[in-house]
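Student: Dropping the structure in here first, questions after.
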Amino acid sequence: MKEFNKTKFKYNVENYLKILFRKSIEEASEQQIFQAVSYSIKEYIVDLWIETHKEYESRDVKFVYYLSMEFLMGRVLGNMIINLKADETVREVLEELGLNLNSIEEEEADPALGNGGLGRLAACFLDSLSTLGYPAYGCGIRYKYGMFEQKIENGFQIEVPDNWLKYGNPFEMKREEYAQEVKFGGYVRMERDGEGRDKFIQENYQSVIAIPYDIPIVGYGNHIVNTLRIWDAKEANTFNLDSFDKGDYLKAVEEKNLANTICEVLYPNDNHYAGKELRLKQQYFFVSATIQRAVSKYMENHKDIRKIHEKVCFQLNDTHPTVTVAELMRILLDDYNLSWEEAWEITNKTCAYTNHTIMTEALEKWPIDLFSKLLPRIYQIVDEINRRFLLVVESRYPGDKLKIKNMAILYGGEVRMANLAIIGSFSVNGVAKIHTEILKERELKDFYEMYSEKFNNKTNGITQRRFLLHGNPLLAEWISKKIGDEWITNLPAIKKIADYAEDMTAQKEFMDIKYKNKIRLADYIYKHNGIEVDPNSIFDVQVKRLHEYKRQLLNILHIMHLYNQLKKYPDMDFYPRTFILGGKASAGYKIAKAIIKLINSVADVINKDESINGKIKVVFIENYRVSNAELIFPAADVSEQISTASKEASGTGNMKFMLNGALTVGTMDGANVEIFEEVGEENMFLFGLSSKEVMEYELHGGYDPKEIYDSDAEIQLVLDQLINGCYFPDHGLFNDIYKSLLGIHKNEKADPYFILKDFHSYELAQRKIGKAYRDTGAWAKSAIINVAKSGKFSSDRTIEEYAAEIWKLKKI
Ligand SMILES: *Cc1c(COP(=O)(O)O)cnc(C)c1O
């Protein structure tokens, strides 16, 4: 195997500067240097990439295709260098050239082809798949504009387009030779073929050509390179000039428009279904291209389409790629002339579905009208899947209308994607123990009763290569010095660091590293927010998408309460805190945006108030994304994981904080439950209603927050401050928040996320944090134990489980 060659790399950096830009090192801009360095790394990787795929072919391996609308990769260069184990060499070369790797890394646009946790999970999975040596493709969309850039102006979120491809993407490779045609609209004509079989022919459709761009995914230290394949759209008639030849001018223009809009932008909704037609087009576009190419690739080396499930598995990341089920059926029926029964059996052995949420507003339900017009042949197939499924339901539960209501794919004029995904897949998994249990016992109870064998849990994970080795080099080095570096590819080995939890020298070293990371973040905050924060204060952090269920509102209301207390009792016992929040709100999510404004308004008032001697600072980090996340997690003392119990399927931010030695304040929700199982009561601050309690209230229409408001003067004061102009003179601005808590809106439940109900329990947990932090030794011990117990939460463990229990993949 070719080793990374220092001399060649050095030559390449200067050579690429010359070839690409006609520049010398001295003349080149930082961006040009980034490009040249990236191309030099890519040149080395391409050989490994070719080798890996030769090996796959010669062993005739099974592949998993991980289909996801989102891949939140974050910057590629630094992570790639680390995975190549070339970090030291690259740094040396660059230093000899008078360059610094860290500032070169800063030049890379953050590829933000995802909203939050779901897209980041896909990116962590790709890292683990390559590192573990599993044959895999990530398949998605090459959005021209990724997740919008968030600017904060006057405390309000402003969305700015993310033109991440402005300077080109040095790591991608266009693969014209694998282009696929994807058909939309038109109608289906039926005819009998010579053997008396029905043939279905889509006619008068609009075509788009899907062009794949491949990005190499490098495994850690193993020279294995898998592929992230993202599809771009191009108009069909530049491909074949048919339409113009036939004089169909309008159709040609329509096709051009379709091609130009389809991959334009990532929808910025997290855990929320918006029902936009273009979104369905995006879904079918990348699914059809992916499945067509996967089938062709399989048939290049195999004769029997009936055995495709032995070499291919399609994993559906949420319901977004669910048309996979019908698209594979279409290909097997229409292109390979299989019978329905054969096609269905194969499809069912090839597709697997991951459920990411139980929140009803996130469920994808397409109007049948829209769906059948856009995808006429696919709709016919879904209709037939539904018809046959309902026959099974009817024979098993004769006359049971409720079962049909709950499980039909087509119902009430809608196509219900989750039901299609469950019926068409051999595996249905949740993403944390508690989430899977809720699916089985409640949300998908009827399906579980019918198909219990399909259901399984795969608790999410994160890659320690990005979120410790790359993001927190000081802690990574400290750990490796103490216990060796096995943890990099086997995170459970990190448990040995627990031997140092009570060692006072180690505690001090650990807290020194934390302090340095806090200075690093404080510098970032000063540069971006102009706010001075004290690295000796407790850094209490909540960074994640803005969502009512994630309860950033609980956090800020508690901060308002603390501030009231400090004003009232200036001498009260209080350990200084820096509250750091960050996260984007979907562009159309009014109340989430009001909460951002509230956080910033409260921050303005508190940060300026000299009477509290800087005991509280509040910072809203603009444009939270993977690159600044890598600075934030290492600097956190406290990890805020405070979702309403039962609402957060897993969470992965919680794991990143733990890995970096933050203590969690959290509810018994998602993977918090499993973090609790690992670290125990003494190393975590639990509070709030349990998921059972929340669901019990919900069954009975909620609870009455008015009672709390009326009987609790402190809460009353905080809520009144929302609307009395105390934080922002525009009285109306926070009205919606106030009303959402007290239920003044008609037809809306009061405080549906139990913020007031959990307030005091949260306050108590926060008070315990203040006390605990004063005992530095005990705090350090707890933090080290958190790091030591993070072994379970590596995405390597998650991927091993998927590979063994769902995909049946073999490593190379
Ligand atoms: C991990 C991560 C998330 C998910 O955070 P949760 O707290 O699990 O919601 C979202 N965005 C980014 C940039 C992340 O790195």
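Chain labels follow the order of the structure tokens: the first chain is A, the next B, and so on; residue numbering restarts at 1 in every chain, and ligands are counted from 1 in their shown order.
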Could you please write out, as a ChimeraX atom specification, every residue of stretch 615-796 of chain A that DSSP assigns to alpha helix (DSSP H)?
Tutor: /A:626-635,653-659,672-679,691-699,705-711,713-723,735-742,755-774,776-788,795-796
Student: Kindly provide, as a PyMOL selection string, all nucleotide and amino acid residues lying within 8 Å of ligand 1, counting only C-alpha atoms and all ligand atoms.
Tutor: chain A and resi 72+74+115-118+120-121+462+542-545+550+583+624-630+641+650-654+656
Student: Output C-alpha atoms for every residue in the selection just made, as a CSV table (one decimal), in the first residue's frame.
Tutor:
chain,number,residue,atom,x,y,z
A,72,LEU,CA,-24.2,17.3,7.6
A,74,GLY,CA,-18.9,19.6,8.3
A,115,ASN,CA,-30.5,20.5,9.3
A,116,GLY,CA,-29.2,18.9,12.5
A,117,GLY,CA,-29.1,15.6,14.3
A,118,LEU,CA,-30.4,13.4,11.5
A,120,ARG,CA,-25.1,14.7,11.3
A,121,LEU,CA,-25.9,11.1,12.2
A,462,ILE,CA,-21.2,9.9,17.2
A,542,GLN,CA,-27.4,24.4,25.0
A,543,VAL,CA,-26.7,24.2,21.3
A,544,LYS,CA,-29.1,22.4,18.9
A,545,ARG,CA,-31.9,23.3,16.5
A,550,LYS,CA,-36.2,21.0,22.9
A,583,GLY,CA,-29.1,27.0,17.0
A,624,TYR,CA,-24.4,27.1,15.0
A,625,ARG,CA,-22.9,24.4,12.7
A,626,VAL,CA,-20.4,21.5,12.7
A,627,SER,CA,-17.3,23.7,12.6
A,628,ASN,CA,-18.1,25.8,15.6
A,629,ALA,CA,-19.6,22.8,17.4
A,630,GLU,CA,-16.1,21.4,17.4
A,641,GLN,CA,-30.4,18.2,27.3
A,650,SER,CA,-32.3,10.1,20.8
A,651,GLY,CA,-30.2,13.2,20.6
A,652,THR,CA,-26.6,13.0,19.7
A,653,GLY,CA,-25.4,16.4,21.0
A,654,ASN,CA,-25.8,14.9,24.5
A,656,LYS,CA,-20.7,14.8,22.1
Student: Per DSSP on the backbone, what are the strand (DSSP E) residues of stretch 221-404 of chain A, as an NGL selection string?
Tutor: :A and (225-235 or 312-317 or 351-354 or 365-367)
Student: Can you write just those residues out, N, CA and C atoms, as a JSON list (two decimals), in the first residue's frame?
Tutor:
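For reference, selection.json as written:
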[["chain", "number", "residue", "atom", "x", "y", "z"],
["A", 225, "VAL", "N", -11.52, 3.62, 1.53],
["A", 225, "VAL", "CA", -12.22, 4.82, 1.11],
["A", 225, "VAL", "C", -13.58, 4.44, 0.51],
["A", 226, "ASN", "N", -14.64, 4.82, 1.21],
["A", 226, "ASN", "CA", -15.99, 4.65, 0.67],
["A", 226, "ASN", "C", -16.43, 5.94, -0.02],
["A", 227, "THR", "N", -17.68, 5.97, -0.43],
["A", 227, "THR", "CA", -18.14, 7.07, -1.27],
["A", 227, "THR", "C", -19.42, 7.70, -0.74],
["A", 228, "LEU", "N", -19.41, 9.01, -0.65],
["A", 228, "LEU", "CA", -20.66, 9.75, -0.51],
["A", 228, "LEU", "C", -21.04, 10.22, -1.91],
["A", 229, "ARG", "N", -22.17, 9.75, -2.39],
["A", 229, "ARG", "CA", -22.59, 10.10, -3.74],
["A", 229, "ARG", "C", -23.78, 11.05, -3.65],
["A", 230, "ILE", "N", -23.58, 12.28, -4.09],
["A", 230, "ILE", "CA", -24.68, 13.25, -4.07],
["A", 230, "ILE", "C", -25.02, 13.63, -5.51],
["A", 231, "TRP", "N", -26.33, 13.67, -5.77],
["A", 231, "TRP", "CA", -26.82, 13.84, -7.14],
["A", 231, "TRP", "C", -27.18, 15.29, -7.43],
["A", 232, "ASP", "N", -26.75, 15.72, -8.61],
["A", 232, "ASP", "CA", -27.17, 17.02, -9.13],
["A", 232, "ASP", "C", -28.11, 16.77, -10.31],
["A", 233, "ALA", "N", -28.92, 17.78, -10.64],
["A", 233, "ALA", "CA", -29.87, 17.61, -11.75],
["A", 233, "ALA", "C", -29.42, 18.44, -12.94],
["A", 234, "LYS", "N", -29.67, 17.86, -14.11],
["A", 234, "LYS", "CA", -29.41, 18.68, -15.31],
["A", 234, "LYS", "C", -30.54, 18.41, -16.31],
["A", 235, "GLU", "N", -30.79, 19.36, -17.15],
["A", 235, "GLU", "CA", -31.94, 19.22, -18.05],
["A", 235, "GLU", "C", -31.71, 18.09, -19.04],
["A", 312, "VAL", "N", -27.10, -6.24, -1.78],
["A", 312, "VAL", "CA", -27.52, -4.85, -1.65],
["A", 312, "VAL", "C", -28.52, -4.70, -0.51],
["A", 313, "CYS", "N", -28.30, -3.66, 0.31],
["A", 313, "CYS", "CA", -29.33, -3.28, 1.28],
["A", 313, "CYS", "C", -29.54, -1.77, 1.20],
["A", 314, "PHE", "N", -30.79, -1.35, 1.17],
["A", 314, "PHE", "CA", -31.11, 0.08, 1.18],
["A", 314, "PHE", "C", -31.58, 0.48, 2.57],
["A", 315, "GLN", "N", -30.80, 1.32, 3.26],
["A", 315, "GLN", "CA", -31.23, 1.80, 4.57],
["A", 315, "GLN", "C", -31.85, 3.19, 4.41],
["A", 316, "LEU", "N", -33.09, 3.34, 4.84],
["A", 316, "LEU", "CA", -33.83, 4.59, 4.65],
["A", 316, "LEU", "C", -33.72, 5.45, 5.91],
["A", 317, "ASN", "N", -33.04, 6.58, 5.79],
["A", 317, "ASN", "CA", -32.85, 7.46, 6.93],
["A", 317, "ASN", "C", -34.11, 8.31, 7.10],
["A", 351, "CYS", "N", -35.03, -3.56, 1.67],
["A", 351, "CYS", "CA", -35.24, -2.24, 2.29],
["A", 351, "CYS", "C", -35.34, -2.33, 3.80],
["A", 352, "ALA", "N", -34.75, -1.35, 4.47],
["A", 352, "ALA", "CA", -34.84, -1.25, 5.93],
["A", 352, "ALA", "C", -35.05, 0.22, 6.29],
["A", 353, "TYR", "N", -35.81, 0.45, 7.34],
["A", 353, "TYR", "CA", -36.27, 1.82, 7.65],
["A", 353, "TYR", "C", -35.89, 2.22, 9.07],
["A", 354, "THR", "N", -35.37, 3.43, 9.21],
["A", 354, "THR", "CA", -35.07, 3.99, 10.52],
["A", 354, "THR", "C", -36.07, 5.09, 10.84],
["A", 365, "LYS", "N", -47.07, 13.00, 4.99],
["A", 365, "LYS", "CA", -48.33, 12.52, 4.40],
["A", 365, "LYS", "C", -48.58, 13.33, 3.15],
["A", 366, "TRP", "N", -48.42, 12.74, 1.99],
["A", 366, "TRP", "CA", -48.59, 13.49, 0.74],
["A", 366, "TRP", "C", -50.02, 13.38, 0.26],
["A", 367, "PRO", "N", -50.61, 14.48, -0.16],
["A", 367, "PRO", "CA", -51.93, 14.40, -0.77],
["A", 367, "PRO", "C", -51.88, 13.46, -1.98]]
Student: Quick one: of A:Val76, A:Thr89, A:Gly114, A:Val287, who's nearest to A:Cys139, counting only C-alpha atoms?
Tutor: A:Val287
Student: Find the residue from A:Lys281, A:Lys311, A:Lys615, A:Arg388 that sits nearest to A:Leu566; use only C-alpha atoms when measuring.
Tutor: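 Comparing A:Lys281, A:Lys311, A:Lys615, A:Arg388 against A:Leu566, the winner is A:Lys615.
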Student: Here is a test: counting only C-alpha atoms, which residue of A:Ala294, A:Ala506, A:Ile331, A:Val64 is nearest to A:Ala804?
Tutor: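 Ranked by minimum distance to A:Ala804, first place goes to A:Val64.
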Student: Can you work out the spacing between atom CA of A:Ser611 and atom CA of A:Ser639 in Å, to one decimal?
Tutor: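 Interatomic distance, atom CA of A:Ser611 to atom CA of A:Ser639: 27.8 Å.
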Student: Have a look at A:Asn555, A:Gln206, A:Lys276, A:Asp704 and name the one nearest to A:Leu250; count only C-alpha atoms.
Tutor: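 Smallest distance to A:Leu250 is found for A:Gln206.
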Student: Go through A:Ile621, A:Leu132, A:Ile806, A:Leu521 one by one, measure the shortest atom-to-atom distance of each to A:Ile488 using only C-alpha atoms, and give the residue with the smallest value.
Tutor: A:Leu132
Student: Using only C-alpha atoms, which of the listed residues (A:Arg416, A:His302, A:Lys495, A:Arg279) sits closest to A:Gly791?
Tutor: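 Counting only C-alpha atoms, the residue closest to A:Gly791 is A:Lys495.
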Student: May I have the residues within 8 Å of A:Ile675 as a ChimeraX atom specification, using only C-alpha atoms and disregarding those fewer than 4 positions away in the same chain?
Tutor: /A:655,671,679,790
Student: Keeping N, CA and C atoms, export the residues of the selection given above as a CSV table (one decimal), in the first residue's frame.
Tutor:
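Full text of result.csv as output:
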chain,number,residue,atom,x,y,z
A,655,MET,N,-24.3,13.2,23.5
A,655,MET,CA,-23.1,12.3,23.5
A,655,MET,C,-21.8,13.0,23.3
A,671,ALA,N,-31.5,9.3,24.3
A,671,ALA,CA,-30.3,8.7,24.8
A,671,ALA,C,-29.9,9.2,26.2
A,679,VAL,N,-23.5,6.5,33.6
A,679,VAL,CA,-22.8,7.3,34.5
A,679,VAL,C,-23.4,7.3,35.9
A,790,SER,N,-18.2,7.0,28.1
A,790,SER,CA,-18.8,7.4,26.8
A,790,SER,C,-18.7,6.3,25.8
Student: Find the residues near A:Glu181: any atom within 10 Å, counting only C-alpha atoms, skip ones fewer than 5 places away on the same chain, and give them as number ranges by chain.
Tutor: A: 206-211, 233-236, 239, 285, 288-289, 292
Student: Considering only C-alpha atoms, return as a PyMOL selection string whatever protein or nucleic-acid residues lie within 10 Å of A:Ala421, sequence-local ones (same chain, fewer than 4 positions apart) excluded.
Tutor: chain A and resi 316+318-326+351-355+409+416-417+425-428
Student: Neighbours of A:Ala123 within 9 Å (only C-alpha atoms; same-chain residues fewer than 6 positions away dropped), as an mmCIF file with C-alpha atoms, in the first residue's frame?
Tutor:
data_model
loop_
_atom_site.group_PDB
_atom_site.id
_atom_site.type_symbol
_atom_site.label_atom_id
_atom_site.label_comp_id
_atom_site.auth_asym_id
_atom_site.auth_seq_id
_atom_site.Cartn_x
_atom_site.Cartn_y
_atom_site.Cartn_z
ATOM 1 C CA GLU A 70 -29.207 15.077 4.529
ATOM 2 C CA PHE A 71 -25.501 14.657 5.182
ATOM 3 C CA LEU A 72 -24.243 17.254 7.637
ATOM 4 C CA MET A 73 -20.576 16.571 6.934
ATOM 5 C CA GLY A 74 -18.864 19.632 8.340
ATOM 6 C CA GLY A 138 -23.974 7.373 1.291
ATOM 7 C CA THR A 463 -17.682 9.582 15.809
#
Student: Please identify all polymer residues within 10 Å of A:Gln35, counting only C-alpha atoms, omitting same-chain residues fewer than 6 positions from it, and present them as a list in words.
Tutor: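 With the cut-off at 10 Å, the set is Val13, Tyr16, Leu17, Leu20, Phe21, Ser29, Ile41, Leu77, Ile104, Glu107, Glu108, Tyr167, Gly168, Asn169, Pro170 and Phe171 of chain A.
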